[in-house]
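What follows is a short report on a single structure.
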Amino acid sequence: MSLADLNQLRTFVVLYELRSVTAAAERLHVTQPTVSYTLRRLRERFGDDLFRREGNDMVPTGKATALFGPLHEALAQIDETVSDPEAFEPSGFSGELALGLTSIGEQTFLPPIMSALAREASSPHLQVERLDSDQVEDGLIRGTIDLAMTVSMIGSPRLWRTHVRAVEYVALSSAEHPLPETGPDMFLGRHFVRVSARGGHVFPLQALTEHGLMPQVSLTVEEYATVPAVLQATDLVVLLPRHVAEVFSGWFQGLSIADLPWPAQSTPVSLYTRREASLSPAQRWFRSVVREAVTTDEYRRG
């Protein structure tokens with residue numbers, strides 16, 4: 001394969017990731033007409049439009065989506081082969097990294113992650129992206145995020161995954177309005193806050209529905225951030241992961257945690273990246289730092 005062929009394929013991969021001729025030109029350090037010319041050559045080569053303009057975005061065709069994974073992985077392997085494996089030095093790294101987290105993921109996982117980065121004497125610019133659970137795979141494959149953490153189980157062959165901690169749900173309420181002893185009638189006369197399941201936490205909605213408690217929902221919000229303050233000021237109850245409830249109880253001293261009267265385990269929190277061959281040395285290092293920072297003992301490997 002000639003250098004010209006490689007450059008064409010690299011242009012395709014970058015254009016797929018960024019969905020913009022302008023942004024692709026900036027990343028590749030070429031002019032926009034050069035990217036447009038290369039796209040014409042690629043269209044001729046593959047006999048397909050590859051990208052169609054929709055508003056300001058270049059939306060890939062089915063053919064482009066099928067090509068992206070194999071081409072991206074092949075280019076990543078070429079880059080790894082010709083690069084110096086000893087060139088990456090974490091203590092001197094100051095590049096950009098993007099981490100996909102839910103709102104409660106930010107609140108519970110960012111502190112240990114930032115502490116771990118500090119111990120590495122590294123100073124990257126870490127950009128946290130809020131992704132809905134159904135956007136995780138696309139964000140990782142396109143490269144808009146380097147790593148994601150979610151309770152959603154994504155069974156894609158294009159992604160690497162490992163579990164990092166179990167998720168047990170509990171009830172959280174104001175200590176001034178404590179729940180009675182755990183039992184089937186502990187929620188009689190109580191009302192709930194329900195939080196959107198966009199981040200993948202579907203257990204609360206399933207539990208409220210299965211146990212006939214949806215009529216007792218009096219507040220629905222999009223994010224968990226305001227929930228502790230709302231609980232402290234009312235007699236409302238929320239169902240949420242124990243590790244999050246413990247963080248909230250540390251921030252707000254007037255909160256009380258109660259066990260649920262039903263099985264309360266959901267899918268574990270998992271860490272996702274692209275497949276191994278598609279990762280840069282910086283991404284591999286970042287994955288190992290985050291994994292070490294957030295993994296509980298039950299999921300650690302010797």
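We name chains A, B, ... following the order of the structure tokens; residues begin at 1 in each chain, and ligands are numbered from 1 as shown.
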From the DSSP assignment of the backbone, select every residue of region 139-228 of chain A that is strand (DSSP E), and format the answer as an NGL selection string.
-> :A and (147-150 or 159-174 or 192-195 or 217-221)
Can you pull out every residue within 6 Å of Pro268 (chain A), counting only C-alpha atoms, but drop anything in the same chain fewer than 2 positions away, and send it as a list in words?
-> Val151, Arg165, Ala166 and Val167 of chain A
Leu97 (chain A) surroundings by only C-alpha atoms, 7 Å radius, close-in-sequence under 6 positions cut, as JSON, numbers by chain = {"A": [124, 125, 126, 127, 146]}
Residue neighbourhood region 16-25 of chain A, 8 Å, only C-alpha atoms, exclusion window fewer than 5 positions, as a PyMOL selection string | chain A and resi 11+30-32+34-36+56-60+64+68+141-144
Contacts of Asp48 (chain A) within 9 Å, only C-alpha atoms, excl. fewer than 6 positions in-chain, as number ranges by chain = A: 42, 61, 63-64
Convert the current residue selection to file output with N, CA and C atoms, as a short mmCIF file (atom, residue, chain, number, x, y, z; two decimals), in the first residue's frame.
```cif
data_model
loop_
_atom_site.label_atom_id
_atom_site.label_comp_id
_atom_site.auth_asym_id
_atom_site.auth_seq_id
_atom_site.Cartn_x
_atom_site.Cartn_y
_atom_site.Cartn_z
N LEU A 42 -11.94 8.80 -2.55
CA LEU A 42 -12.43 7.67 -1.76
C LEU A 42 -13.79 7.19 -2.27
N THR A 61 -22.57 6.82 5.54
CA THR A 61 -23.48 5.83 4.98
C THR A 61 -23.23 4.49 5.65
N LYS A 63 -22.13 1.89 4.19
CA LYS A 63 -20.83 1.41 3.69
C LYS A 63 -19.70 2.01 4.51
N ALA A 64 -19.77 3.30 4.81
CA ALA A 64 -18.72 3.96 5.60
C ALA A 64 -18.64 3.36 7.00
#
```
Which residues come within 8 Å of Leu279 (chain A), counting only C-alpha atoms, excluding same-chain residues fewer than 5 positions away, as a CSV table (one decimal) with C-alpha atoms, in the first residue's frame?
```csv
chain,number,residue,atom,x,y,z
A,76,ALA,CA,-3.8,2.0,14.7
A,274,ARG,CA,-12.0,0.6,22.1
A,284,ARG,CA,-3.8,2.4,27.5
```
Name the closest residue to Leu101 (chain A) among the candidates A:Gln206, A:Ser173, A:Thr65, A:Ser152; distances are taken between atoms, counting only C-alpha atoms.
->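 For Leu101 (chain A), the nearest of the candidates is A:Ser152.
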Which value, in Å to one decimal, gives the distance between CA of Pro70 (chain A) and CA of Ala148 (chain A)?
-> 21.4 Å
Members of region 34-167 of chain A assigned helix (DSSP H, G or I) by DSSP, as JSON, numbers by chain | {"A": [34, 35, 36, 37, 38, 39, 40, 41, 42, 43, 44, 45, 46, 62, 63, 64, 65, 66, 67, 68, 69, 70, 71, 72, 73, 74, 75, 76, 77, 78, 79, 80, 81, 82, 90, 91, 92, 103, 104, 105, 106, 107, 108, 109, 110, 111, 112, 113, 114, 115, 116, 117, 118, 119, 133, 134, 135, 136, 137, 138, 139, 140, 141, 142]}
Residue nearest Tyr272 (chain A) - candidates A:Val202, A:Val237, A:Ala229, A:Met149, atoms counted: only C-alpha atoms |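 Closest residue, counting only C-alpha atoms: A:Met149.
Pairwise distance (CA of Arg198 (chain A), CA of Arg300 (chain A)) equals 28.0 Å.
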Check the smallest atom-to-atom distance from each of A:His191, A:Val247, A:Ser280, A:Glu181 to Leu260 (chain A) using only C-alpha atoms, then report the winner.
->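 Looking at the shortest contact to Leu260 (chain A), the residue is A:Glu181.
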Can you write out as a tab-separated table which residues of region 144-244 of chain A fall within 9 Å of region 286-293 of chain A, alongside each residue's closest atom pair and its distance in Å to one decimal, counting only C-alpha atoms and ordering rows by chain and ascending residue number?
```
residue	atom	partner	partner_atom	distance
A:Asp146	CA	A:Arg287	CA	8.6
A:Leu147	CA	A:Arg287	CA	7.0
A:Thr162	CA	A:Arg291	CA	8.8
A:Val164	CA	A:Arg291	CA	7.1
```
Atom pair CA of Ala233 (chain A) / CA of Ser174 (chain A): separation (Å) =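 Those two atoms sit 7.6 Å apart.
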Pick from A:Glu298, A:Arg41, A:Gly92, A:Asp259: nearest to Ala118 (chain A), with only C-alpha atoms counted?
-> A:Gly92
